[in-house]
file protein.csv (CSV, C-alpha atoms)
chain,number,residue,atom,x,y,z
A,1,MET,CA,-3.7,29.0,-0.9
A,2,ILE,CA,-5.9,26.3,0.8
A,3,LYS,CA,-9.1,28.1,1.5
A,4,LYS,CA,-11.6,25.4,2.4
A,5,ILE,CA,-11.6,21.7,3.6
A,6,GLN,CA,-14.2,19.1,3.2
A,7,ILE,CA,-14.3,15.6,4.9
A,8,ARG,CA,-16.5,12.8,3.5
A,9,ASP,CA,-17.4,9.4,4.9
A,10,ALA,CA,-17.8,7.2,1.8
A,11,ARG,CA,-18.8,3.6,2.2
A,12,PHE,CA,-19.3,1.0,-0.6
A,13,PRO,CA,-21.0,-2.4,0.1
A,14,LEU,CA,-19.5,-5.2,-2.0
A,15,ALA,CA,-20.9,-8.2,-3.8
A,16,PRO,CA,-21.4,-11.4,-1.8
A,17,GLY,CA,-18.0,-12.9,-0.8
A,18,ALA,CA,-15.9,-10.1,-2.3
A,19,GLY,CA,-13.2,-8.7,-0.1
A,20,SER,CA,-13.5,-11.5,2.5
A,21,ASP,CA,-10.6,-13.0,4.3
A,22,ALA,CA,-10.0,-15.2,7.4
A,23,ILE,CA,-10.5,-12.2,9.8
A,24,HIS,CA,-12.6,-9.8,7.9
A,25,ARG,CA,-15.6,-11.8,6.8
A,26,ASP,CA,-18.1,-9.1,5.8
A,27,PRO,CA,-16.2,-5.9,4.8
A,28,ILE,CA,-17.7,-2.7,3.6
A,29,TYR,CA,-14.9,-1.0,1.6
A,30,SER,CA,-14.9,2.6,2.9
A,31,TYR,CA,-12.8,5.8,2.6
A,32,ALA,CA,-12.3,8.7,4.9
A,33,VAL,CA,-11.9,11.3,2.2
A,34,THR,CA,-10.2,14.6,2.7
A,35,SER,CA,-10.7,17.4,0.1
A,36,LEU,CA,-8.4,20.5,0.2
A,37,ILE,CA,-9.8,23.3,-1.9
A,38,ASP,CA,-7.4,26.1,-2.9
A,39,ASP,CA,-8.3,29.7,-4.0
A,40,SER,CA,-8.0,28.8,-7.7
A,41,GLY,CA,-10.7,26.1,-7.3
A,42,LEU,CA,-8.4,23.1,-7.4
A,43,VAL,CA,-9.3,20.2,-5.2
A,44,GLY,CA,-6.8,17.9,-3.6
A,45,THR,CA,-8.3,14.5,-2.7
A,46,GLY,CA,-6.8,12.0,-0.3
A,47,PHE,CA,-8.2,9.1,1.7
A,48,ALA,CA,-7.6,6.5,4.2
A,49,PHE,CA,-9.2,3.0,3.9
A,50,THR,CA,-11.3,1.2,6.4
A,51,LEU,CA,-13.8,-1.7,6.4
A,52,GLY,CA,-16.8,0.4,7.5
A,53,GLU,CA,-17.3,0.8,11.3
A,54,GLY,CA,-15.1,3.6,12.6
A,55,ASN,CA,-14.8,5.3,9.3
A,56,ASP,CA,-16.5,8.3,10.9
A,57,LEU,CA,-13.9,8.4,13.6
A,58,VAL,CA,-11.1,8.7,11.0
A,59,CYS,CA,-13.1,11.5,9.3
A,60,LYS,CA,-13.3,13.4,12.6
A,61,ALA,CA,-9.5,13.1,13.2
A,62,ALA,CA,-8.8,14.1,9.5
A,63,GLU,CA,-10.8,17.2,10.0
A,64,PHE,CA,-8.6,18.1,13.0
A,65,TYR,CA,-5.4,17.8,10.9
A,66,ALA,CA,-6.8,19.4,7.8
A,67,GLU,CA,-8.0,22.5,9.6
A,68,GLN,CA,-4.4,23.3,10.5
A,69,LEU,CA,-3.5,23.6,6.8
A,70,LYS,CA,-6.0,26.4,6.0
A,71,GLY,CA,-4.3,29.5,4.7
A,72,ARG,CA,-1.2,27.6,3.6
A,73,ASP,CA,0.1,27.7,0.0
A,74,ILE,CA,0.6,24.2,-1.3
A,75,GLU,CA,4.0,24.8,-2.9
A,76,GLU,CA,5.3,26.4,0.3
A,77,LEU,CA,3.7,23.5,2.3
A,78,MET,CA,5.4,20.8,0.2
A,79,SER,CA,8.8,22.5,0.1
A,80,ASP,CA,9.3,21.3,3.6
A,81,PHE,CA,6.6,18.7,4.1
A,82,GLY,CA,8.8,16.5,6.2
A,83,ALA,CA,8.7,19.2,9.0
A,84,VAL,CA,4.9,19.6,8.5
A,85,PHE,CA,4.4,15.8,8.8
A,86,HIS,CA,6.6,15.6,11.9
A,87,ALA,CA,4.6,18.4,13.6
A,88,LEU,CA,1.2,16.9,12.7
A,89,SER,CA,2.1,13.3,13.7
A,90,ASN,CA,3.5,14.5,17.0
A,91,GLU,CA,0.7,16.9,18.0
A,92,GLN,CA,0.7,16.3,21.7
A,93,GLN,CA,-2.9,15.3,22.3
A,94,PHE,CA,-3.5,13.3,19.2
A,95,ARG,CA,-0.1,11.6,19.6
A,96,TRP,CA,-1.4,10.1,22.8
A,97,LEU,CA,-4.0,8.2,20.8
A,98,GLY,CA,-1.2,6.5,18.7
A,99,PRO,CA,1.5,7.3,18.6
A,100,HIS,CA,1.8,7.0,14.8
A,101,LYS,CA,-0.9,4.3,14.5
A,102,GLY,CA,-4.6,3.7,14.6
A,103,VAL,CA,-7.4,6.2,13.9
A,104,VAL,CA,-5.2,9.3,14.1
A,105,HIS,CA,-2.5,7.9,11.8
A,106,LEU,CA,-5.1,6.8,9.2
A,107,ALA,CA,-6.5,10.3,9.4
A,108,LEU,CA,-3.1,11.8,8.8
A,109,ALA,CA,-2.8,9.6,5.8
A,110,SER,CA,-6.0,11.0,4.3
A,111,VAL,CA,-4.8,14.6,4.8
A,112,THR,CA,-1.2,13.9,3.6
A,113,ASN,CA,-2.4,12.2,0.5
A,114,ALA,CA,-4.7,15.2,-0.3
A,115,CYS,CA,-1.7,17.5,0.0
A,116,TYR,CA,0.2,15.4,-2.6
A,117,ASP,CA,-2.8,15.3,-4.9
A,118,LEU,CA,-3.3,19.0,-4.7
A,119,TRP,CA,0.4,19.6,-5.3
A,120,ALA,CA,0.4,17.4,-8.5
A,121,LYS,CA,-2.8,19.1,-9.8
A,122,LYS,CA,-1.2,22.6,-9.1
A,123,ARG,CA,1.7,21.6,-11.3
A,124,GLY,CA,-0.6,19.9,-13.9
A,125,LEU,CA,1.2,16.6,-13.6
A,126,PRO,CA,0.3,13.0,-12.6
A,127,LEU,CA,1.7,12.3,-9.2
A,128,TRP,CA,4.2,9.8,-10.4
A,129,LYS,CA,5.7,12.3,-12.9
A,130,LEU,CA,5.8,15.1,-10.2
A,131,LEU,CA,7.7,12.8,-7.9
A,132,THR,CA,10.1,11.5,-10.5
A,133,GLU,CA,11.0,15.1,-11.6
A,134,LEU,CA,11.9,16.2,-8.0
A,135,SER,CA,15.6,16.4,-7.2
A,136,PRO,CA,16.9,14.1,-4.4
A,137,GLN,CA,17.0,17.1,-2.1
A,138,GLU,CA,13.4,18.0,-2.9
A,139,ILE,CA,12.3,14.5,-2.2
A,140,LEU,CA,14.2,14.4,1.1
A,141,ASN,CA,12.5,17.7,2.1
A,142,THR,CA,9.1,15.9,2.1
A,143,LEU,CA,10.2,13.1,4.5
A,144,ASP,CA,10.3,12.7,8.2
A,145,LEU,CA,13.3,10.5,9.1
A,146,SER,CA,12.9,10.8,12.9
A,147,TYR,CA,13.4,7.5,14.8
A,148,LEU,CA,15.3,6.1,11.8
A,149,GLU,CA,18.6,7.8,12.5
A,150,ASP,CA,20.2,4.5,13.6
A,151,GLU,CA,19.6,3.1,10.1
A,152,LEU,CA,19.0,6.0,7.8
A,153,THR,CA,20.2,9.5,8.4
A,154,ALA,CA,19.3,12.5,6.2
A,155,GLU,CA,22.8,12.3,4.7
A,156,GLN,CA,22.5,8.6,3.9
A,157,ALA,CA,19.0,9.1,2.5
A,158,LEU,CA,20.2,11.8,0.2
A,159,GLN,CA,23.1,9.7,-1.0
A,160,LEU,CA,20.8,6.8,-1.7
A,161,LEU,CA,18.5,9.0,-3.7
A,162,THR,CA,21.4,10.5,-5.6
A,163,ASP,CA,23.1,7.2,-6.3
A,164,ASN,CA,19.9,5.8,-7.8
A,165,GLN,CA,19.7,8.7,-10.3
A,166,THR,CA,21.9,6.4,-12.4
A,167,GLY,CA,19.7,4.4,-14.8
A,168,LYS,CA,16.7,6.6,-14.2
A,169,GLU,CA,16.2,7.5,-17.8
A,170,ASP,CA,16.2,3.8,-18.8
A,171,ARG,CA,13.8,2.9,-16.1
A,172,GLN,CA,11.4,5.6,-17.2
A,173,LYS,CA,10.5,3.3,-20.2
A,174,ILE,CA,8.2,1.4,-17.9
A,175,THR,CA,5.7,4.3,-18.3
A,176,THR,CA,5.3,3.2,-21.9
A,177,VAL,CA,4.9,-0.6,-21.3
A,178,GLY,CA,3.0,-0.3,-18.0
A,179,TYR,CA,3.5,-1.8,-14.6
A,180,PRO,CA,2.7,-5.6,-14.1
A,181,GLY,CA,-0.3,-6.5,-11.9
A,182,TYR,CA,-1.3,-9.5,-9.9
A,183,ASP,CA,-4.9,-10.7,-9.2
A,184,THR,CA,-6.1,-10.9,-5.6
A,185,SER,CA,-9.8,-11.4,-6.5
A,186,ILE,CA,-9.4,-15.1,-7.6
A,187,GLY,CA,-9.6,-16.4,-4.1
A,188,TRP,CA,-11.5,-14.4,-1.5
A,189,PHE,CA,-12.1,-16.4,1.6
A,190,ASN,CA,-15.8,-16.9,1.2
A,191,TYR,CA,-15.6,-18.1,-2.4
A,192,SER,CA,-16.3,-21.7,-3.0
A,193,ASP,CA,-13.6,-24.1,-4.4
A,194,GLU,CA,-15.4,-24.1,-7.7
A,195,LYS,CA,-15.4,-20.3,-7.9
A,196,VAL,CA,-11.7,-20.2,-7.0
A,197,ARG,CA,-11.0,-22.6,-9.8
A,198,GLU,CA,-13.0,-20.6,-12.4
A,199,ASN,CA,-11.5,-17.4,-11.3
A,200,CYS,CA,-8.0,-18.8,-11.7
A,201,LYS,CA,-8.8,-19.8,-15.3
A,202,LYS,CA,-10.2,-16.4,-16.0
A,203,ALA,CA,-7.2,-14.6,-14.5
A,204,ILE,CA,-4.8,-16.7,-16.7
A,205,ALA,CA,-6.9,-15.9,-19.8
A,206,GLU,CA,-6.6,-12.2,-18.9
A,207,GLY,CA,-2.8,-12.5,-18.9
A,208,PHE,CA,-2.0,-12.6,-15.1
A,209,THR,CA,1.1,-14.5,-14.2
A,210,ALA,CA,0.7,-14.0,-10.5
A,211,MET,CA,-2.3,-14.4,-8.2
A,212,LYS,CA,-3.2,-14.6,-4.5
A,213,LEU,CA,-5.4,-16.9,-2.4
A,214,LYS,CA,-6.9,-16.2,1.0
A,215,VAL,CA,-6.1,-18.8,3.6
A,216,GLY,CA,-6.6,-19.1,7.4
A,217,SER,CA,-9.5,-21.5,7.6
A,218,ALA,CA,-10.5,-23.2,10.9
A,219,ASP,CA,-9.8,-26.5,9.1
A,220,PRO,CA,-6.2,-26.2,7.7
A,221,GLN,CA,-7.0,-28.9,5.2
A,222,ARG,CA,-9.4,-26.5,3.4
A,223,ASP,CA,-6.5,-24.1,2.9
A,224,ILE,CA,-4.2,-26.9,1.6
A,225,ARG,CA,-6.9,-28.2,-0.7
A,226,ARG,CA,-7.6,-24.8,-2.2
A,227,ALA,CA,-3.9,-23.9,-2.5
A,228,HIS,CA,-3.4,-27.0,-4.5
A,229,ILE,CA,-6.4,-26.2,-6.7
A,230,VAL,CA,-4.8,-22.8,-7.6
A,231,ARG,CA,-1.4,-24.4,-8.2
A,232,GLU,CA,-3.0,-27.1,-10.4
A,233,VAL,CA,-4.9,-24.5,-12.6
A,234,ALA,CA,-2.1,-22.0,-12.6
A,235,ALA,CA,0.8,-24.5,-13.2
A,236,ASP,CA,4.3,-24.0,-12.1
A,237,ALA,CA,5.1,-20.9,-14.2
A,238,VAL,CA,2.6,-18.7,-12.3
A,239,LYS,CA,3.5,-17.1,-9.0
A,240,VAL,CA,0.9,-18.0,-6.3
A,241,MET,CA,0.8,-16.1,-3.0
A,242,LEU,CA,-1.1,-17.1,0.1
A,243,ASP,CA,-2.5,-14.6,2.6
A,244,ALA,CA,-3.6,-15.6,6.1
A,245,ASN,CA,-4.6,-12.0,7.2
A,246,GLN,CA,-3.0,-12.6,10.7
A,247,GLN,CA,-5.2,-15.6,11.5
A,248,TRP,CA,-2.7,-18.0,12.9
A,249,THR,CA,-0.8,-18.1,16.2
A,250,LEU,CA,2.9,-18.8,15.8
A,251,PRO,CA,2.5,-22.5,16.7
A,252,GLN,CA,-0.3,-22.8,14.1
A,253,ALA,CA,1.7,-20.9,11.5
A,254,LEU,CA,4.8,-23.1,12.0
A,255,LYS,CA,2.7,-26.2,11.3
A,256,ILE,CA,0.5,-25.1,8.5
A,257,CYS,CA,3.1,-23.0,6.6
A,258,LYS,CA,5.4,-26.1,6.4
A,259,GLU,CA,2.5,-28.0,4.9
A,260,LEU,CA,1.6,-25.3,2.5
A,261,GLN,CA,5.2,-25.2,1.2
A,262,GLY,CA,4.3,-28.3,-0.8
A,263,MET,CA,2.5,-26.1,-3.4
A,264,ASN,CA,5.5,-23.8,-3.7
A,265,PRO,CA,4.0,-20.4,-2.6
A,266,TYR,CA,5.8,-17.3,-3.9
A,267,TRP,CA,5.2,-15.8,-0.4
A,268,ILE,CA,3.0,-16.3,2.7
A,269,GLU,CA,1.4,-13.1,3.7
A,270,GLU,CA,0.5,-11.8,7.2
A,271,PRO,CA,0.8,-15.2,8.9
A,272,THR,CA,0.3,-13.9,12.4
A,273,HIS,CA,-0.1,-10.8,14.5
A,274,PRO,CA,1.5,-7.8,12.7
A,275,ASP,CA,3.0,-6.4,15.9
A,276,ASP,CA,4.9,-9.7,16.7
A,277,ILE,CA,8.2,-9.1,14.9
A,278,LEU,CA,10.0,-11.9,16.7
A,279,ALA,CA,7.3,-14.4,15.8
A,280,HIS,CA,7.8,-13.5,12.1
A,281,LYS,CA,11.5,-13.9,12.5
A,282,THR,CA,11.1,-17.4,14.0
A,283,LEU,CA,8.7,-18.4,11.2
A,284,ALA,CA,10.8,-16.9,8.5
A,285,ASP,CA,13.8,-18.9,9.7
A,286,ALA,CA,11.7,-22.1,10.0
A,287,ILE,CA,10.3,-22.0,6.4
A,288,ALA,CA,13.2,-20.6,4.5
A,289,PRO,CA,13.6,-20.3,1.5
A,290,THR,CA,9.8,-19.5,1.4
A,291,LYS,CA,9.5,-15.8,2.1
A,292,LEU,CA,7.0,-13.8,4.2
A,293,ALA,CA,5.2,-10.7,3.0
A,294,LEU,CA,3.8,-8.2,5.5
A,295,GLY,CA,2.7,-4.6,5.8
A,296,GLU,CA,-1.0,-4.3,5.3
A,297,HIS,CA,-1.4,-3.6,9.1
A,298,VAL,CA,2.0,-2.3,9.9
A,299,PRO,CA,1.3,1.4,10.7
A,300,ASN,CA,4.6,3.2,10.6
A,301,ARG,CA,8.2,3.4,9.5
A,302,ILE,CA,9.6,2.5,12.9
A,303,ILE,CA,8.0,-1.0,12.9
A,304,PHE,CA,9.0,-1.5,9.3
A,305,LYS,CA,12.6,-0.6,10.3
A,306,ASN,CA,12.5,-3.4,12.9
A,307,TYR,CA,11.1,-5.9,10.4
A,308,LEU,CA,14.0,-5.1,8.1
A,309,GLN,CA,16.6,-5.2,10.8
A,310,THR,CA,15.5,-8.7,11.8
A,311,GLY,CA,15.4,-10.0,8.3
A,312,SER,CA,11.9,-11.4,8.8
A,313,ALA,CA,10.2,-9.9,5.7
A,314,GLY,CA,11.0,-10.9,2.2
A,315,PHE,CA,8.5,-8.5,0.8
A,316,ILE,CA,7.3,-5.2,2.3
A,317,GLN,CA,3.7,-4.3,1.6
A,318,ALA,CA,3.6,-0.7,2.9
A,319,ASP,CA,0.3,0.9,2.2
A,320,ALA,CA,0.1,4.7,1.8
A,321,VAL,CA,-3.4,4.7,3.2
A,322,ARG,CA,-2.3,2.7,6.3
A,323,VAL,CA,0.9,4.5,7.2
A,324,GLY,CA,0.9,8.3,7.3
A,325,GLY,CA,0.4,8.8,3.6
A,326,VAL,CA,2.7,9.3,0.6
A,327,SER,CA,5.5,10.9,2.6
A,328,GLU,CA,5.9,7.9,5.0
A,329,PHE,CA,5.5,5.4,2.2
A,330,ILE,CA,8.4,7.0,0.4
A,331,THR,CA,10.4,6.9,3.6
A,332,ILE,CA,9.7,3.2,4.1
A,333,SER,CA,10.6,2.6,0.4
A,334,LEU,CA,14.0,4.2,1.0
A,335,LEU,CA,14.6,1.9,4.0
A,336,CYS,CA,13.7,-1.1,1.8
A,337,ARG,CA,16.0,0.1,-0.9
A,338,LYS,CA,18.9,0.2,1.6
A,339,TYR,CA,18.1,-3.5,2.5
A,340,ASN,CA,17.3,-4.5,-1.1
A,341,VAL,CA,13.9,-5.8,-0.1
A,342,PRO,CA,11.1,-5.4,-2.7
A,343,VAL,CA,8.2,-3.1,-2.0
A,344,VAL,CA,4.9,-4.6,-3.2
A,345,PRO,CA,2.1,-2.3,-1.7
A,346,HIS,CA,-1.0,-3.6,-0.2
A,347,VAL,CA,-3.8,-2.2,-2.4
A,348,GLY,CA,-6.5,-1.3,0.0
A,349,ASP,CA,-7.3,1.7,-2.2
A,350,MET,CA,-7.8,-0.4,-5.3
A,351,GLY,CA,-4.5,0.7,-6.8
A,352,GLN,CA,-5.6,4.3,-7.6
A,353,LEU,CA,-2.8,5.9,-5.5
A,354,HIS,CA,-0.2,3.1,-5.5
A,355,GLN,CA,0.1,2.9,-9.3
A,356,HIS,CA,1.8,6.3,-9.0
A,357,LEU,CA,4.0,5.3,-6.1
A,358,VAL,CA,5.4,2.0,-7.6
A,359,LEU,CA,6.4,4.0,-10.7
A,360,PHE,CA,8.3,6.4,-8.5
A,361,ASN,CA,9.9,3.6,-6.5
A,362,HIS,CA,11.1,2.0,-9.7
A,363,ILE,CA,12.1,5.1,-11.7
A,364,SER,CA,13.7,7.2,-9.0
A,365,MET,CA,14.8,4.6,-6.4
A,366,GLY,CA,15.7,1.6,-8.6
A,367,HIS,CA,13.3,-0.7,-6.9
A,368,GLU,CA,12.4,-3.8,-9.0
A,369,ALA,CA,9.2,-3.4,-10.9
A,370,LEU,CA,7.8,-6.7,-9.6
A,371,PHE,CA,4.1,-6.3,-9.7
A,372,LEU,CA,1.2,-4.4,-8.0
A,373,GLU,CA,-1.9,-6.0,-6.5
A,374,HIS,CA,-5.1,-5.5,-8.5
A,375,ILE,CA,-8.5,-5.4,-6.8
A,376,PRO,CA,-11.2,-4.1,-9.1
A,377,HIS,CA,-14.3,-3.8,-6.9
A,378,LEU,CA,-14.5,0.0,-6.6
A,379,GLN,CA,-13.2,1.1,-9.9
A,380,LYS,CA,-16.6,2.4,-11.0
A,381,HIS,CA,-16.6,5.0,-8.2
A,382,PHE,CA,-13.5,6.8,-9.4
A,383,VAL,CA,-13.4,9.7,-11.9
A,384,ASN,CA,-10.2,8.3,-13.4
A,385,PRO,CA,-10.2,4.5,-12.5
A,386,VAL,CA,-7.1,2.5,-12.9
A,387,ARG,CA,-6.7,0.8,-16.3
A,388,VAL,CA,-5.4,-2.7,-16.2
A,389,GLU,CA,-5.2,-4.3,-19.6
A,390,GLY,CA,-3.4,-7.6,-20.3
A,391,ALA,CA,-2.6,-7.8,-16.6
A,392,VAL,CA,-0.7,-4.6,-16.8
A,393,TYR,CA,-1.4,-1.2,-15.1
A,394,LYS,CA,-1.5,1.4,-17.8
A,395,THR,CA,0.3,4.6,-16.8
A,396,PRO,CA,-2.1,7.3,-15.6
A,397,MET,CA,-1.6,10.7,-17.3
A,398,GLU,CA,-4.2,12.9,-15.7
A,399,PRO,CA,-2.9,15.5,-13.2
A,400,GLY,CA,-3.1,14.3,-9.6
A,401,SER,CA,-3.1,11.0,-7.8
A,402,SER,CA,-6.1,9.4,-9.4
A,403,CYS,CA,-8.1,9.5,-6.2
A,404,ASP,CA,-11.0,11.7,-7.1
A,405,LEU,CA,-14.3,10.0,-6.4
A,406,LYS,CA,-17.5,10.5,-8.3
A,407,ASP,CA,-20.1,12.6,-6.5
call {"tool": "encode", "arguments": {"input": "protein.csv", "output": "structure tokens"}}
result
Amino acid sequence: MIKKIQIRDARFPLAPGAGSDAIHRDPIYSYAVTSLIDDSGLVGTGFAFTLGEGNDLVCKAAEFYAEQLKGRDIEELMSDFGAVFHALSNEQQFRWLGPHKGVVHLALASVTNACYDLWAKKRGLPLWKLLTELSPQEILNTLDLSYLEDELTAEQALQLLTDNQTGKEDRQKITTVGYPGYDTSIGWFNYSDEKVRENCKKAIAEGFTAMKLKVGSADPQRDIRRAHIVREVAADAVKVMLDANQQWTLPQALKICKELQGMNPYWIEEPTHPDDILAHKTLADAIAPTKLALGEHVPNRIIFKNYLQTGSAGFIQADAVRVGGVSEFITISLLCRKYNVPVVPHVGDMGQLHQHLVLFNHISMGHEALFLEHIPHLQKHFVNPVRVEGAVYKTPMEPGSSCDLKD
């Protein structure tokens, strides 16, 4: 039974230039951390991710949600978590502050993720293993499919989960070889051209076959120059992604994306405002076959549904600390499986949680094991930090979701 809750505002300044992009020039990587303590002493840890200011607001909202779970048994809670998630996300007064977005939804992610961590620890399993051992019906019971009925009913979701049981045993082999990673830290926005070049060489030496560069400069020629530096160092065999972090208007994006196509990007990420679905559709059509990737700032399953319906996203970057946590992440992954669109999570949490979720996506849903973003800046702060060796995420085996922070 959940006896006590603790909420923590944890902030971690970064080295100069690290984490910078075209919009977020001076980030402080921060977590709104929820701890759920049960009567046996187990602690479920979950968090939402921010860049500093406002982290305390997310903590205050997380406390509101977490208080409602006191006295609940974690097994009982998770046996019908879809209904719990629906009730919390639609609490009448907090819903007004969203709905299903912003501070309140980030807070719900923190609490939801703590529930999944406690559940896995209670069963003595890493989260990926807990999830892959659940039956299709048990998975469905953890999901809220409201507002998706036009695309994914409960019956259709159950059928999709059941159909993908085929080949599951074979896909389980990935836990032995590990899940491929890609390097985002080669090209933070504030890094010099020289540092980008050196970081590319280092990433290739470490075995990475995919890497990402931040773009969105006031002078588009800077982006073009830096993109070609990465392509020159990486050569044609390496996948190079470009990330504008929403910097461009649609007219700007149409112009510069066509110029950037000359270096053959694997995708162009967050080219414009994340709420402007039709702008993404216009851009996707204009630069095909180059694909767009988005999701870092898409807050809920309904907007992801619209992106999938319009065919404007080639890669979905759902983030379990941006949407309402693990439950909504799985729901979005189901939608993507229906559309056969890859899920490549945004890793605002340094990969700690998402290393579990991509394994579940691949093993239980049949998603392609493409790769997972790797950002190493906060690894030293975790009790069980991710292990990336030879550009591959090594499978975590400790019980839980790998989200426990050091004191």
call {"tool": "closest_atom_pairs", "arguments": {"input": "protein.csv", "of": "region 70-96 of chain A", "to": "region 143-156 of chain A", "cutoff": "10 Å", "atoms": "only C-alpha atoms", "output": "CSV"}}
result
residue,atom,partner,partner_atom,distance
A:Asp80,CA,A:Leu143,CA,8.3
A:Phe81,CA,A:Leu143,CA,6.7
A:Gly82,CA,A:Leu143,CA,4.1
A:Ala83,CA,A:Asp144,CA,6.7
A:Val84,CA,A:Asp144,CA,8.8
A:Phe85,CA,A:Asp144,CA,6.7
A:His86,CA,A:Asp144,CA,6.0
A:Ala87,CA,A:Asp144,CA,9.7
A:Ser89,CA,A:Asp144,CA,9.9
call {"tool": "residues_around", "arguments": {"input": "protein.csv", "residues": "Ser135 (chain A)", "least_positions_apart": "4", "cutoff": "10 Å", "atoms": "all atoms listed in the file", "output": "VMD selection string"}}
result
chain A and resid 131 139 to 141 158 161 to 162 165 364
call {"tool": "atom_distance", "arguments": {"input": "protein.csv", "atom1": "CA of Glu133 (chain A)", "atom2": "CA of Tyr179 (chain A)"}}
result
18.7 Å
call {"tool": "closest_residue", "arguments": {"input": "protein.csv", "among": "A:Met241, A:Ala320, A:Ala391, A:Val383", "to": "Asn113 (chain A)", "atoms": "only C-alpha atoms"}}
result
A:Ala320
call {"tool": "atom_distance", "arguments": {"input": "protein.csv", "atom1": "CA of Ile23 (chain A)", "atom2": "CA of Val326 (chain A)"}}
result
26.9 Å
call {"tool": "atom_distance", "arguments": {"input": "protein.csv", "atom1": "CA of Asp243 (chain A)", "atom2": "CA of Ser333 (chain A)"}}
result
21.7 Å
call {"tool": "residues_around", "arguments": {"input": "protein.csv", "residues": "region 264-274 of chain A", "least_positions_apart": "2", "cutoff": "6 Å", "atoms": "all atoms listed in the file", "output": "number ranges by chain"}}
result
A: 239-249, 261-262, 276, 291-294
call {"tool": "write_last_selection", "arguments": {"input": "protein.csv", "atoms": "C-alpha atoms", "output": "compact mmCIF listing (two decimals), in the coordinates of the input"}}
result
# COMPACT_ATOMS: atom_id res chain seq x y z
CA LYS A 239 3.50 -17.10 -9.00
CA VAL A 240 0.90 -18.00 -6.30
CA MET A 241 0.80 -16.10 -3.00
CA LEU A 242 -1.10 -17.10 0.10
CA ASP A 243 -2.50 -14.60 2.60
CA ALA A 244 -3.60 -15.60 6.10
CA ASN A 245 -4.60 -12.00 7.20
CA GLN A 246 -3.00 -12.60 10.70
CA GLN A 247 -5.20 -15.60 11.50
CA TRP A 248 -2.70 -18.00 12.90
CA THR A 249 -0.80 -18.10 16.20
CA GLN A 261 5.20 -25.20 1.20
CA GLY A 262 4.30 -28.30 -0.80
CA ASP A 276 4.90 -9.70 16.70
CA LYS A 291 9.50 -15.80 2.10
CA LEU A 292 7.00 -13.80 4.20
CA ALA A 293 5.20 -10.70 3.00
CA LEU A 294 3.80 -8.20 5.50
